[in-house]
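Note sheet for the following structure.
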Amino acid sequence: MSLFAAATVVSSVAACGGGDDDSGGGGGGGGANEASDIGITEDSIKLGAHYPLTGVAAPGYSEIPLGVDAYFDYVNENGGVYDRQIDYIYRDDAYNPTNTSQVVNQLVLEDEVFAIVGGLGTPTHSAVLDFLNSEGVPDLFVSSGSLLWGDDPETNPYTFGWQTDYMSEGKIIGQYIAEEFPDAKVGLFLQDDDFGEDGEAGVREYIDDQIVAAVRYTPGNTNVGPQIAELQASGADFVVGFNVPSYTALSQLTALQLGYDPQWFYSNVGSDTELVGRLLANFSQGAVGDASVLDGMLTTDYLPTVDAPDDPWVQKFQEIWESNGDGSDLTNYKLYGMSMAYTTIQALQAAGQNPTRDDLVEAIETVGAEWEGPLLAPFRYSEDSHMGTGGMSISRLVGTTAEEVRPVMITDIGDAEIEEWDGEETAPPENGIPDEPAFNE
Amino acid sequence: MNVTLTGLTEGMVYAAFALALVLIWRSTRIVNFAQGSMAAATAFIALSLIQNGQSYWVALIVALASGFVLGAVVERVVIRPVEGGPELNAVIVTLGLFVAIQALIAIIWGSSFESFPAPFGLEGFQVGDSRIAFTPNSVFVIGAVVVTMALLIALFRFTRVGLAMRASAFGQEVARLLGVKVGRMLTLGWALAAVVGSLAGLLIAGGEFVYPAYMDSLIVFGFVAAVLGGLDSPVGAIVGGLILGLALSYVSGYVERGSALVNVSALVILMVVLLVRPGGLFASSVARRA
């Protein structure tokens, strides 16, 4: 059997013309592969995920699993992890928590996955948080910036966040405004749920006295006229939005109707210029400009984006996307998926050759904070915190490119200080696959 | 001020959709829940045309025509077999149709958000030194709805076809005895209602985003507006739509966290009106209700 596995590795490496001898596999190991836990066989690891592939949240988000899939495919071609091929199953929950429960049940009980990785959405993933933790299924790198995934590892020992949480993001935005726009009258445009609340709490730590209005919209109600009118009436000349991309487009459209032209600052979630531009594009026939209405907008980043084609990570992922993607253009969502998949490979390698589910969790807690990857700042993983990265830079959109106006700052939830991140920029490994040693060796 | 104007424009849109419900109610005595997805389907047909370089007006006409055909086909193929049975059967069939058509749209056009162009400008008019939430496109929406309402009133009041349609809806057998081709009238009623629905769908879409379920909340609001107005009065539908649009806009704009209360408020308004005037604000005499 092991002979057969070795032959597969050789042929797939030859097939993709790779020249790297120690591709995949992480640290040495040496012993034989065993079926060490549910979802792991001698030659495969089964991973599951839930994404909105249809419905209101599908635009953009449905592209994330394509990126994940392409990256895993690439890793598989290069020998997988400890000679195990990754079997990645993602299912559609249409951003409906009831569906999420159902598909995650199916993934855990029928497909018998080793771990869930990158499940998307705060309301959706909340629905399966208890289930996964009571079943002891590792619940890695949830695609949402809610504090739920990381601030209480005692209650949810198997769940880990990944991206910057909304509160830390709010703090970094708040501090930036306090220092650079001390005279601005700030309005907040918030999604009426945890997302908006966490962001607001973070921003208010720094500029509570500058805020003149806070309006909330309910996802699904597409008339934001009253909210934008209230911001305008309050005299706010600087608006911070914690909203999803379609509401970026709606708020821009409504502001245009009202002739309201403040400085806009959209948090990371709502700022995908490509998607917002596409949403606004058709209106150009109705005498509205296209994405150029976003010119001058401020936003935050925790990952390099496709707007930065010179970034070595973007270049590497671009290469992998071209060889293993579906032929479409690389987008920020696919880039997000590939980056998250990269971290997943780091975790699987660190968990060792024959890991149990608990090994995986322990590996992330023990060595996860040291991993280098595409994210701008390191993860905060430890036994006491399962929060993902806590760093963000701030950039301004100029034409179609983003210009950094503030370097990467790092912070944590609560009243933790904000500091400038002084680490070095990382570069991807030559073959684009991490090589982490097992945590317990 | 701007909250009021936003409310008026939204209200006109609800009214447009309520008109379609009223039309089908008057001509068939069925509440058509599938109206929303039928309208969405024609809006997507229009969008494909526009994206392929056709003008808005060509797309509008094609959409209305396809609405007419769709309405007629739906009546002949899906509704006809259950007509004459308990009215509830037909209503449940339209509910099923509503889901089915929506799924079909997602299969054909995908389920992502798309922006839908508006025929007129989306920048508010300048009044003094401030801009108001009233755009050239709002004028178009209001004009189109008022004209449609006038045409419907004229149809039912002053034409033989309108009379025949009403007769077929109230008493099929009596109408048939009097020489009215009831089957044809019912088909025509559905087809015309689908045209109005499709117009509403396009007016709503203009300058907004469309996706397969974009009509969902409008079905509810349109239905509330129609019931407010008494379900069989075109004028009532418009007044109902305006009342609802204004009320919801005020709730959203002036109540703390009002945006979340919009749907609840619609229900409260509906209940209050029905308690005070069970027939709706503009109901014709109770005796006429079938």
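In the structure tokens, chains take the letters A, B, ... in the order shown, each chain's residues start at 1, and ligands count up from 1 in the order shown.
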Please identify all residues of chain A having at least one atom at most 9 Å from any atom of chain B, considering only C-alpha atoms, and return them as a JSON list (two decimals) with C-alpha atoms, in the first residue's frame.
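The resulting file, iface27.json, is reproduced below:
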[["chain", "number", "residue", "atom", "x", "y", "z"],
["A", 53, "LEU", "CA", -23.75, 28.94, -2.84],
["A", 54, "THR", "CA", -27.23, 30.30, -3.57],
["A", 55, "GLY", "CA", -29.33, 33.12, -2.15],
["A", 56, "VAL", "CA", -28.65, 36.69, -1.05],
["A", 57, "ALA", "CA", -25.22, 36.05, 0.42],
["A", 58, "ALA", "CA", -24.00, 34.02, -2.54],
["A", 59, "PRO", "CA", -22.49, 36.83, -4.63],
["A", 60, "GLY", "CA", -18.83, 36.87, -3.71],
["A", 192, "ASP", "CA", -28.21, 45.38, 12.87],
["A", 215, "VAL", "CA", -28.03, 54.13, 12.03],
["A", 216, "ARG", "CA", -28.81, 50.44, 11.57],
["A", 217, "TYR", "CA", -30.17, 48.55, 8.61],
["A", 218, "THR", "CA", -31.76, 45.12, 8.62],
["A", 219, "PRO", "CA", -30.33, 42.74, 6.03],
["A", 220, "GLY", "CA", -33.03, 42.00, 3.49],
["A", 221, "ASN", "CA", -34.69, 45.40, 3.74],
["A", 222, "THR", "CA", -33.22, 47.10, 0.68],
["A", 223, "ASN", "CA", -34.62, 50.56, 1.32],
["A", 224, "VAL", "CA", -31.88, 52.38, 3.22],
["A", 225, "GLY", "CA", -33.23, 55.83, 2.30],
["A", 226, "PRO", "CA", -34.38, 56.71, 5.84],
["A", 227, "GLN", "CA", -31.03, 55.65, 7.31],
["A", 229, "ALA", "CA", -31.23, 60.64, 5.25],
["A", 230, "GLU", "CA", -30.72, 60.50, 9.01],
["A", 246, "SER", "CA", -24.58, 44.82, -1.45],
["A", 250, "LEU", "CA", -27.14, 50.51, -1.83],
["A", 253, "LEU", "CA", -26.75, 54.73, -4.60],
["A", 254, "THR", "CA", -28.96, 56.29, -1.94],
["A", 255, "ALA", "CA", -26.33, 58.88, -1.01],
["A", 256, "LEU", "CA", -26.13, 59.82, -4.66],
["A", 257, "GLN", "CA", -29.89, 60.34, -4.77],
["A", 258, "LEU", "CA", -29.68, 62.60, -1.75],
["A", 259, "GLY", "CA", -26.56, 64.41, -2.88],
["A", 260, "TYR", "CA", -24.83, 63.28, 0.30],
["A", 278, "ARG", "CA", -20.07, 45.07, -10.65],
["A", 279, "LEU", "CA", -23.24, 45.76, -8.64],
["A", 280, "LEU", "CA", -23.19, 49.41, -9.60],
["A", 281, "ALA", "CA", -22.10, 48.85, -13.20],
["A", 282, "ASN", "CA", -25.52, 48.55, -14.82],
["A", 283, "PHE", "CA", -26.66, 51.81, -13.30],
["A", 284, "SER", "CA", -24.25, 53.69, -15.52],
["A", 285, "GLN", "CA", -27.02, 53.57, -18.10],
["A", 286, "GLY", "CA", -29.18, 55.42, -15.60],
["A", 287, "ALA", "CA", -26.59, 58.19, -15.46],
["A", 288, "VAL", "CA", -24.75, 56.92, -12.40]]
- With a distance cut-off of 7 Å and only C-alpha atoms, select the neighbouring residues of region 75-83 of chain B, excluding the residue or stretch itself and same-chain residues fewer than 5 positions from it, and output the selection as a VMD selection string. chain B and resid 89 to 90 187 190
- Which residues come within 12 Å of Leu270 (chain B), counting only C-alpha atoms, excluding same-chain residues fewer than 6 positions away, as a ChimeraX atom specification? /B:220-230,240-241,243-244,247-248,263-264,276-281
- Message: I'd like to know which residues of region 151-265 of chain B are helix (DSSP H, G or I) (by DSSP, run on the backbone); could you write them as a count of residues only?
- Response: 91
For region 25-143 of chain A against region 317-333 of chain A, with a cut-off of 6 Å and counting only C-alpha atoms, what is the closest atom pair and its distance in Å to one decimal for every residue that makes the cut, ordered by chain and number, as a tab-separated table?
residue	atom	partner	partner_atom	distance
A:Glu63	CA	A:Tyr333	CA	5.8
A:Ile64	CA	A:Tyr333	CA	5.0
A:Ala70	CA	A:Asn324	CA	5.1
Just to be explicit: take each residue in the selection above, keep C-alpha atoms, and write the result as a compact mmCIF listing (two decimals), in the first residue's frame.
# COMPACT_ATOMS: atom_id res chain seq x y z
CA GLU A 63 -16.37 31.99 -4.75
CA ILE A 64 -14.47 31.28 -1.53
CA ALA A 70 -8.07 24.86 -6.06
- Apply DSSP to the structure's backbone, then extract all residues of region 97-210 of chain A labelled strand (DSSP E or B) and return them as an NGL selection string. :A and (115-117 or 120 or 139-143 or 159-161 or 186-191)
Can I get the selected residues back with C-alpha atoms, as a PDB file, in the first residue's frame?
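Writing the result to part06.pdb gives the following:
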ATOM      1  CA  ALA A 115     -12.790  18.642  10.706  1.00  0.00           C
ATOM      2  CA  ILE A 116     -14.942  21.534   9.468  1.00  0.00           C
ATOM      3  CA  VAL A 117     -12.850  24.304   7.927  1.00  0.00           C
ATOM      4  CA  LEU A 120     -19.045  30.901   6.599  1.00  0.00           C
ATOM      5  CA  ASP A 139     -14.113  23.697  13.807  1.00  0.00           C
ATOM      6  CA  LEU A 140     -11.309  25.621  12.176  1.00  0.00           C
ATOM      7  CA  PHE A 141     -11.010  29.112  10.786  1.00  0.00           C
ATOM      8  CA  VAL A 142     -14.616  30.237  10.704  1.00  0.00           C
ATOM      9  CA  SER A 143     -15.160  32.756   7.904  1.00  0.00           C
ATOM     10  CA  THR A 159     -13.619  26.325  17.410  1.00  0.00           C
ATOM     11  CA  PHE A 160     -11.023  28.751  15.996  1.00  0.00           C
ATOM     12  CA  GLY A 161     -11.414  32.143  14.327  1.00  0.00           C
ATOM     13  CA  VAL A 186     -18.682  60.692  12.352  1.00  0.00           C
ATOM     14  CA  GLY A 187     -21.804  58.744  11.382  1.00  0.00           C
ATOM     15  CA  LEU A 188     -22.031  54.970  11.675  1.00  0.00           C
ATOM     16  CA  PHE A 189     -23.871  52.817   9.138  1.00  0.00           C
ATOM     17  CA  LEU A 190     -24.311  49.450  10.812  1.00  0.00           C
ATOM     18  CA  GLN A 191     -25.772  46.057  10.047  1.00  0.00           C
TER      19      GLN A 191
END
- Item | Shell around Val180 (chain B) at 10 Å using only C-alpha atoms, local window under 6 positions removed, as number ranges by chain | B: 161, 163-165, 167-168, 172-174
If you keep N, CA and C atoms, can you produce a file of those selected residues as an mmCIF file, in the first residue's frame?
data_model
loop_
_atom_site.group_PDB
_atom_site.id
_atom_site.type_symbol
_atom_site.label_atom_id
_atom_site.label_comp_id
_atom_site.auth_asym_id
_atom_site.auth_seq_id
_atom_site.Cartn_x
_atom_site.Cartn_y
_atom_site.Cartn_z
ATOM 1 N N VAL B 161 -65.398 44.192 -22.618
ATOM 2 C CA VAL B 161 -64.485 43.143 -22.151
ATOM 3 C C VAL B 161 -64.368 43.183 -20.632
ATOM 4 N N LEU B 163 -66.467 44.355 -18.483
ATOM 5 C CA LEU B 163 -67.715 43.888 -17.884
ATOM 6 C C LEU B 163 -67.769 42.369 -17.923
ATOM 7 N N ALA B 164 -67.412 41.805 -19.084
ATOM 8 C CA ALA B 164 -67.445 40.362 -19.236
ATOM 9 C C ALA B 164 -66.474 39.694 -18.259
ATOM 10 N N MET B 165 -65.324 40.327 -18.074
ATOM 11 C CA MET B 165 -64.344 39.750 -17.150
ATOM 12 C C MET B 165 -64.883 39.726 -15.736
ATOM 13 N N ALA B 167 -68.003 39.757 -14.883
ATOM 14 C CA ALA B 167 -69.105 38.801 -14.834
ATOM 15 C C ALA B 167 -68.572 37.379 -14.682
ATOM 16 N N SER B 168 -67.534 37.036 -15.452
ATOM 17 C CA SER B 168 -66.997 35.678 -15.372
ATOM 18 C C SER B 168 -66.441 35.395 -13.994
ATOM 19 N N GLN B 172 -69.623 32.346 -12.920
ATOM 20 C CA GLN B 172 -69.235 31.711 -14.171
ATOM 21 C C GLN B 172 -70.445 31.233 -14.961
ATOM 22 N N GLU B 173 -71.366 30.566 -14.257
ATOM 23 C CA GLU B 173 -72.461 29.945 -15.004
ATOM 24 C C GLU B 173 -73.427 30.960 -15.578
ATOM 25 N N VAL B 174 -73.728 31.951 -14.760
ATOM 26 C CA VAL B 174 -74.622 32.994 -15.256
ATOM 27 C C VAL B 174 -73.996 33.686 -16.454
#
